[in-house]
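Undergrad: Here you go, this is upload07.pdb (PDB, C-alpha atoms, pLDDT in the B column).
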```pdb
ATOM      1  CA  GLN E   1      31.769   5.966  86.719  1.00 83.00           C
ATOM      2  CA  LEU E   2      32.640   3.689  83.825  1.00 89.00           C
ATOM      3  CA  GLN E   3      30.873   4.489  80.579  1.00 95.00           C
ATOM      4  CA  LEU E   4      31.170   3.318  76.986  1.00 98.00           C
ATOM      5  CA  VAL E   5      29.547   5.389  74.271  1.00 98.00           C
ATOM      6  CA  GLU E   6      29.329   4.172  70.691  1.00 98.00           C
ATOM      7  CA  SER E   7      28.834   6.419  67.678  1.00 98.00           C
ATOM      8  CA  GLY E   8      29.215   6.385  63.915  1.00 98.00           C
ATOM      9  CA  GLY E   9      26.422   4.070  62.878  1.00 98.00           C
ATOM     10  CA  GLY E  10      24.052   4.817  60.037  1.00 98.00           C
ATOM     11  CA  LEU E  11      22.645   3.721  56.708  1.00 98.00           C
ATOM     12  CA  VAL E  12      25.138   2.695  54.037  1.00 98.00           C
ATOM     13  CA  GLN E  13      24.894   0.949  50.695  1.00 98.00           C
ATOM     14  CA  PRO E  14      26.435  -2.497  50.133  1.00 98.00           C
ATOM     15  CA  GLY E  15      30.125  -2.120  49.448  1.00 98.00           C
ATOM     16  CA  GLY E  16      30.311   1.049  51.479  1.00 98.00           C
ATOM     17  CA  SER E  17      32.274   1.920  54.604  1.00 98.00           C
ATOM     18  CA  LEU E  18      31.624   3.216  58.094  1.00 98.00           C
ATOM     19  CA  ARG E  19      33.818   3.947  61.076  1.00 98.00           C
ATOM     20  CA  LEU E  20      32.416   3.278  64.503  1.00 98.00           C
ATOM     21  CA  SER E  21      33.838   4.868  67.638  1.00 98.00           C
ATOM     22  CA  CYS E  22      33.708   3.729  71.245  1.00 98.00           C
ATOM     23  CA  ALA E  23      34.564   6.477  73.713  1.00 98.00           C
ATOM     24  CA  ALA E  24      35.491   5.118  77.124  1.00 97.00           C
ATOM     25  CA  SER E  25      35.434   6.929  80.444  1.00 95.00           C
ATOM     26  CA  GLY E  26      36.208   5.563  83.872  1.00 93.00           C
ATOM     27  CA  LEU E  27      38.794   3.127  82.542  1.00 91.00           C
ATOM     28  CA  THR E  28      41.989   3.326  80.540  1.00 91.00           C
ATOM     29  CA  LEU E  29      42.532   1.384  77.340  1.00 92.00           C
ATOM     30  CA  ASP E  30      46.065   0.359  78.255  1.00 91.00           C
ATOM     31  CA  LEU E  31      44.647  -1.674  81.155  1.00 92.00           C
ATOM     32  CA  HIS E  32      41.453  -3.146  79.674  1.00 95.00           C
ATOM     33  CA  ASP E  33      40.738  -5.064  76.494  1.00 96.00           C
ATOM     34  CA  ILE E  34      37.888  -3.707  74.412  1.00 97.00           C
ATOM     35  CA  SER E  35      35.629  -5.726  72.133  1.00 98.00           C
ATOM     36  CA  TRP E  36      32.985  -5.011  69.555  1.00 98.00           C
ATOM     37  CA  PHE E  37      29.880  -7.167  69.350  1.00 98.00           C
ATOM     38  CA  ARG E  38      26.817  -6.951  67.173  1.00 98.00           C
ATOM     39  CA  GLN E  39      23.256  -8.183  67.323  1.00 98.00           C
ATOM     40  CA  ALA E  40      20.980  -8.441  64.329  1.00 97.00           C
ATOM     41  CA  PRO E  41      17.187  -8.594  64.729  1.00 91.00           C
ATOM     42  CA  GLY E  42      16.121 -12.047  65.851  1.00 94.00           C
ATOM     43  CA  LYS E  43      19.690 -13.264  66.244  1.00 96.00           C
ATOM     44  CA  GLU E  44      22.049 -13.820  69.144  1.00 96.00           C
ATOM     45  CA  ARG E  45      24.785 -11.361  70.014  1.00 96.00           C
ATOM     46  CA  GLU E  46      27.911 -12.074  67.947  1.00 97.00           C
ATOM     47  CA  GLY E  47      31.509 -11.196  68.677  1.00 98.00           C
ATOM     48  CA  VAL E  48      33.086  -9.051  65.971  1.00 98.00           C
ATOM     49  CA  SER E  49      36.542  -7.960  67.062  1.00 98.00           C
ATOM     50  CA  CYS E  50      38.699  -7.135  70.070  1.00 98.00           C
ATOM     51  CA  ILE E  51      41.893  -5.273  70.834  1.00 97.00           C
ATOM     52  CA  SER E  52      44.091  -6.120  73.770  1.00 96.00           C
ATOM     53  CA  SER E  53      45.076  -3.655  76.441  1.00 94.00           C
ATOM     54  CA  SER E  54      48.832  -4.066  76.628  1.00 88.00           C
ATOM     55  CA  SER E  55      50.040  -5.348  73.260  1.00 88.00           C
ATOM     56  CA  GLY E  56      47.334  -3.912  71.051  1.00 90.00           C
ATOM     57  CA  SER E  57      46.973  -7.285  69.376  1.00 95.00           C
ATOM     58  CA  THR E  58      43.682  -7.863  67.621  1.00 97.00           C
ATOM     59  CA  ASN E  59      41.241 -10.644  66.973  1.00 97.00           C
ATOM     60  CA  TYR E  60      38.420 -10.894  64.445  1.00 98.00           C
ATOM     61  CA  ALA E  61      35.430 -13.066  63.734  1.00 98.00           C
ATOM     62  CA  ASP E  62      35.824 -15.004  60.483  1.00 97.00           C
ATOM     63  CA  SER E  63      32.819 -13.193  59.033  1.00 97.00           C
ATOM     64  CA  VAL E  64      34.614  -9.816  59.140  1.00 98.00           C
ATOM     65  CA  LYS E  65      38.267 -10.728  58.614  1.00 98.00           C
ATOM     66  CA  GLY E  66      39.813  -8.691  55.841  1.00 98.00           C
ATOM     67  CA  ARG E  67      36.964  -6.167  55.896  1.00 98.00           C
ATOM     68  CA  PHE E  68      36.950  -4.712  59.421  1.00 98.00           C
ATOM     69  CA  THR E  69      39.861  -3.173  61.299  1.00 98.00           C
ATOM     70  CA  ILE E  70      39.909  -2.406  65.014  1.00 98.00           C
ATOM     71  CA  SER E  71      42.253   0.221  66.415  1.00 98.00           C
ATOM     72  CA  LYS E  72      42.558   2.455  69.430  1.00 97.00           C
ATOM     73  CA  ASP E  73      43.863   5.830  70.483  1.00 96.00           C
ATOM     74  CA  ASN E  74      44.935   5.581  74.111  1.00 93.00           C
ATOM     75  CA  ALA E  75      45.337   9.351  74.371  1.00 94.00           C
ATOM     76  CA  LYS E  76      41.692   9.829  73.378  1.00 96.00           C
ATOM     77  CA  ASN E  77      40.568   6.700  75.249  1.00 95.00           C
ATOM     78  CA  THR E  78      38.683   5.695  72.126  1.00 97.00           C
ATOM     79  CA  VAL E  79      38.459   2.475  70.152  1.00 98.00           C
ATOM     80  CA  TYR E  80      37.519   2.464  66.485  1.00 98.00           C
ATOM     81  CA  LEU E  81      36.049  -0.125  64.168  1.00 98.00           C
ATOM     82  CA  GLN E  82      36.661   0.646  60.521  1.00 98.00           C
ATOM     83  CA  MET E  83      34.213  -1.333  58.423  1.00 98.00           C
ATOM     84  CA  THR E  84      34.673  -1.673  54.674  1.00 98.00           C
ATOM     85  CA  SER E  85      33.033  -3.724  51.917  1.00 98.00           C
ATOM     86  CA  LEU E  86      29.890  -3.787  53.992  1.00 98.00           C
ATOM     87  CA  LYS E  87      27.265  -6.407  53.257  1.00 98.00           C
ATOM     88  CA  PRO E  88      23.554  -6.533  54.107  1.00 97.00           C
ATOM     89  CA  GLU E  89      24.355  -9.268  56.629  1.00 97.00           C
ATOM     90  CA  ASP E  90      26.456  -6.755  58.578  1.00 98.00           C
ATOM     91  CA  THR E  91      23.224  -4.971  59.505  1.00 98.00           C
ATOM     92  CA  ALA E  92      22.977  -4.972  63.302  1.00 98.00           C
ATOM     93  CA  VAL E  93      23.292  -2.916  66.435  1.00 98.00           C
ATOM     94  CA  TYR E  94      26.988  -2.691  67.278  1.00 98.00           C
ATOM     95  CA  TYR E  95      28.131  -2.579  70.892  1.00 98.00           C
ATOM     96  CA  CYS E  96      31.500  -2.058  72.500  1.00 98.00           C
ATOM     97  CA  ALA E  97      32.300  -3.763  75.765  1.00 98.00           C
ATOM     98  CA  ALA E  98      34.986  -3.813  78.442  1.00 97.00           C
ATOM     99  CA  PRO E  99      35.840  -6.220  81.244  1.00 95.00           C
ATOM    100  CA  ASP E 100      35.935  -5.096  84.834  1.00 93.00           C
ATOM    101  CA  ARG E 101      39.299  -6.777  85.441  1.00 91.00           C
ATOM    102  CA  ILE E 102      42.635  -5.483  84.274  1.00 90.00           C
ATOM    103  CA  THR E 103      43.778  -7.601  81.325  1.00 89.00           C
ATOM    104  CA  THR E 104      47.431  -6.653  80.917  1.00 86.00           C
ATOM    105  CA  ASN E 105      48.531 -10.184  81.796  1.00 85.00           C
ATOM    106  CA  GLN E 106      46.659 -11.669  78.826  1.00 84.00           C
ATOM    107  CA  ALA E 107      48.532 -12.096  75.568  1.00 83.00           C
ATOM    108  CA  MET E 108      45.379 -12.079  73.458  1.00 90.00           C
ATOM    109  CA  CYS E 109      41.908 -10.675  73.850  1.00 95.00           C
ATOM    110  CA  VAL E 110      38.863 -12.876  73.389  1.00 94.00           C
ATOM    111  CA  ILE E 111      35.531 -12.047  71.783  1.00 96.00           C
ATOM    112  CA  LEU E 112      33.232 -13.836  74.206  1.00 95.00           C
ATOM    113  CA  PRO E 113      30.323 -11.893  75.730  1.00 95.00           C
ATOM    114  CA  ASP E 114      30.699 -13.542  79.145  1.00 95.00           C
ATOM    115  CA  GLU E 115      34.184 -12.062  79.484  1.00 95.00           C
ATOM    116  CA  TYR E 116      32.817  -8.502  79.434  1.00 97.00           C
ATOM    117  CA  ASP E 117      31.080  -6.615  82.213  1.00 96.00           C
ATOM    118  CA  TYR E 118      30.414  -3.151  80.820  1.00 97.00           C
ATOM    119  CA  TRP E 119      28.495  -2.431  77.658  1.00 98.00           C
ATOM    120  CA  GLY E 120      27.516   0.626  75.693  1.00 98.00           C
ATOM    121  CA  VAL E 121      23.968   1.181  74.456  1.00 97.00           C
ATOM    122  CA  GLY E 122      24.946   0.451  70.875  1.00 98.00           C
ATOM    123  CA  THR E 123      24.928   2.165  67.512  1.00 98.00           C
ATOM    124  CA  GLU E 124      22.806   0.920  64.638  1.00 98.00           C
ATOM    125  CA  VAL E 125      24.305  -0.018  61.293  1.00 98.00           C
ATOM    126  CA  THR E 126      22.040  -0.683  58.327  1.00 98.00           C
ATOM    127  CA  VAL E 127      23.466  -1.902  55.039  1.00 98.00           C
ATOM    128  CA  SER E 128      20.856  -1.616  52.307  1.00 97.00           C
ATOM    129  CA  PRO E 129      20.616  -0.476  48.673  1.00 94.00           C
TER     130      PRO E 129
END
```
Could you render the structure as structure tokens?

TA:
Amino acid sequence: QLQLVESGGGLVQPGGSLRLSCAASGLTLDLHDISWFRQAPGKEREGVSCISSSSGSTNYADSVKGRFTISKDNAKNTVYLQMTSLKPEDTAVYYCAAPDRITTNQAMCVILPDEYDYWGVGTEVTVSP
């Protein structure tokens, strides 16, 4: 059974850092892209970053470029999101997601919610003084 479990969220001051983890079971990261999304209270879900299955290439939303880094450890079947220089507007529930289809034929991953079929329950990040 496919499962995505996020962890690593918490309360952090502006300018601080957090590392989120997404542990995957029931799929292998070298066959499926993985994305991170976030949803702030009262706002729509927003794509944050993705990492492709075969090449490991990455993609970022403009709002996090230069501050967030996505990476993966295929041996641990885990994807990470290192977040630095955090701002209050980064406050949200962060979700990782995977598509049902194998994505090895795609050169780049995309951060569009409709492309993803499986979602974790999320981990909450609060950036506040």

Undergrad: So that I can check the surroundings of Trp36 of chain E, please list as a list in words every protein, DNA and RNA residue that reaches within 7 Å of it, counting all atoms listed in the file and ignoring chain neighbours fewer than 4 positions away.

TA: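 Here the qualifying residues turn out to be Gly47, Val48, Ser49, Cys50, Tyr94, Tyr95, Cys96 and Ala97 of chain E.
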
Undergrad: What does the structure give for the distance between atom CA of Thr84 of chain E and atom CA of Asp30 of chain E, in Å to one decimal?

TA: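 For atom CA of Thr84 of chain E relative to atom CA of Asp30 of chain E, the distance reads 26.3 Å.
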
Undergrad: If you count only C-alpha atoms, which residues fall within 12 Å of segment 103-116 of chain E, apart from same-chain ones fewer than 5 positions away, as a PyMOL selection string?

TA: chain E and resi 27-39+44-62+95-98

Undergrad: Can you spell out as a PDB file with C-alpha atoms, in the coordinates of the input the set of residues that the PyMOL selection byres ((chain E and resi 6) around 7) selects in the structure I just provided?

TA:
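Generated file (expr_8.pdb):
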```pdb
ATOM      1  CA  LEU E   4      31.170   3.318  76.986  1.00 98.00           C
ATOM      2  CA  VAL E   5      29.547   5.389  74.271  1.00 98.00           C
ATOM      3  CA  SER E   7      28.834   6.419  67.678  1.00 98.00           C
ATOM      4  CA  LEU E  20      32.416   3.278  64.503  1.00 98.00           C
ATOM      5  CA  SER E  21      33.838   4.868  67.638  1.00 98.00           C
ATOM      6  CA  CYS E  22      33.708   3.729  71.245  1.00 98.00           C
ATOM      7  CA  ALA E  23      34.564   6.477  73.713  1.00 98.00           C
ATOM      8  CA  TYR E  95      28.131  -2.579  70.892  1.00 98.00           C
ATOM      9  CA  CYS E  96      31.500  -2.058  72.500  1.00 98.00           C
ATOM     10  CA  GLY E 120      27.516   0.626  75.693  1.00 98.00           C
ATOM     11  CA  GLY E 122      24.946   0.451  70.875  1.00 98.00           C
ATOM     12  CA  THR E 123      24.928   2.165  67.512  1.00 98.00           C
TER      13      THR E 123
END
```

Undergrad: How many Å separate atom CA of Thr91 of chain E from atom CA of Val12 of chain E?

TA: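 For atom CA of Thr91 of chain E relative to atom CA of Val12 of chain E, the distance reads 9.6 Å.
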
Undergrad: Figure out the distance between atom CA of Lys76 of chain E and atom CA of Ser63 of chain E, please, to one decimal in Å.

TA: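 Atom-to-atom, atom CA of Ser63 of chain E to atom CA of Lys76 of chain E, that is 28.5 Å.
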
Undergrad: Which residue gives the smallest distance to Thr126 of chain E among E:Pro88, E:Gly15, E:Gly42, E:Gly26, with only C-alpha atoms counted?

TA: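 The answer is E:Pro88, which sits nearest to Thr126 of chain E.
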
Undergrad: Let me make sure I understand: among E:Ala24, E:Gly8, E:Val64, E:Ala92, which one has the smallest atom-to-atom distance to Thr78 of chain E if we use all atoms listed in the file?

TA: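 For Thr78 of chain E, the nearest of the candidates is E:Ala24.
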
Undergrad: Let me make sure I understand: among E:Asp73, E:Asp100, E:Glu124, E:Glu89, which one has the smallest atom-to-atom distance to Leu18 of chain E if we use all atoms listed in the file?

TA: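 Going through E:Asp73, E:Asp100, E:Glu124, E:Glu89 one by one, the smallest distance to Leu18 of chain E is for E:Glu124.
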
Undergrad: In terms of the shortest atom-to-atom distance over only C-alpha atoms, which of E:Arg19, E:Gln1, E:Arg101, E:Gln13 is closest to Phe68 of chain E?

TA: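 With only C-alpha atoms as the atom set, the closest residue is E:Arg19.
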
Undergrad: Counting all atoms listed in the file, which residue out of E:Lys72, E:Pro99, E:Gln82, E:Ser17 sits closest to Tyr118 of chain E?

TA: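 The shortest atom-to-atom distance to Tyr118 of chain E comes from E:Pro99.
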
Undergrad: Counting only C-alpha atoms, figure out which residue out of E:Ala75, E:Val93, E:Leu11, E:Ile70 gets nearest to Pro41 of chain E.

TA: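 Nearest candidate to Pro41 of chain E out of E:Ala75, E:Val93, E:Leu11, E:Ile70: E:Val93.
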
Undergrad: Output segment 43-58 of chain E with N, CA, C and O atoms present, as a short mmCIF file (atom, residue, chain, number, x, y, z; two decimals), keeping the file's coordinate frame.

TA:
```cif
data_model
loop_
_atom_site.label_atom_id
_atom_site.label_comp_id
_atom_site.auth_asym_id
_atom_site.auth_seq_id
_atom_site.Cartn_x
_atom_site.Cartn_y
_atom_site.Cartn_z
N LYS E 43 18.50 -12.42 66.14
CA LYS E 43 19.69 -13.26 66.24
C LYS E 43 20.41 -13.03 67.56
O LYS E 43 20.19 -12.02 68.23
N GLU E 44 21.28 -13.97 67.92
CA GLU E 44 22.05 -13.82 69.14
C GLU E 44 23.18 -12.81 68.94
O GLU E 44 23.59 -12.53 67.82
N ARG E 45 23.65 -12.28 70.07
CA ARG E 45 24.78 -11.36 70.01
C ARG E 45 26.01 -12.11 69.50
O ARG E 45 26.29 -13.23 69.92
N GLU E 46 26.76 -11.46 68.61
CA GLU E 46 27.91 -12.07 67.95
C GLU E 46 29.16 -11.24 68.20
O GLU E 46 29.13 -10.00 68.07
N GLY E 47 30.24 -11.90 68.53
CA GLY E 47 31.51 -11.20 68.68
C GLY E 47 32.06 -10.80 67.32
O GLY E 47 32.01 -11.59 66.38
N VAL E 48 32.57 -9.58 67.23
CA VAL E 48 33.09 -9.05 65.97
C VAL E 48 34.61 -8.92 66.00
O VAL E 48 35.30 -9.45 65.13
N SER E 49 35.11 -8.22 67.01
CA SER E 49 36.54 -7.96 67.06
C SER E 49 36.92 -7.50 68.46
O SER E 49 36.07 -7.03 69.22
N CYS E 50 38.20 -7.65 68.80
CA CYS E 50 38.70 -7.14 70.07
C CYS E 50 40.13 -6.64 69.89
O CYS E 50 40.82 -7.01 68.93
N ILE E 51 40.53 -5.78 70.83
CA ILE E 51 41.89 -5.27 70.83
C ILE E 51 42.40 -5.35 72.27
O ILE E 51 41.70 -4.96 73.22
N SER E 52 43.59 -5.88 72.42
CA SER E 52 44.09 -6.12 73.77
C SER E 52 44.65 -4.85 74.38
O SER E 52 45.07 -3.93 73.69
N SER E 53 44.69 -4.85 75.71
CA SER E 53 45.08 -3.66 76.44
C SER E 53 46.56 -3.35 76.30
O SER E 53 46.94 -2.23 75.97
N SER E 54 47.41 -4.35 76.54
CA SER E 54 48.83 -4.07 76.63
C SER E 54 49.54 -4.12 75.28
O SER E 54 50.27 -3.19 74.92
N SER E 55 49.31 -5.17 74.52
CA SER E 55 50.04 -5.35 73.26
C SER E 55 49.36 -4.69 72.07
O SER E 55 49.99 -4.45 71.04
N GLY E 56 48.07 -4.43 72.20
CA GLY E 56 47.33 -3.91 71.05
C GLY E 56 47.04 -4.96 70.00
O GLY E 56 46.61 -4.63 68.89
N SER E 57 47.28 -6.23 70.34
CA SER E 57 46.97 -7.28 69.38
C SER E 57 45.47 -7.37 69.16
O SER E 57 44.68 -6.96 70.02
N THR E 58 45.09 -7.88 68.01
CA THR E 58 43.68 -7.86 67.62
C THR E 58 43.19 -9.25 67.27
O THR E 58 43.98 -10.17 67.00
#
```
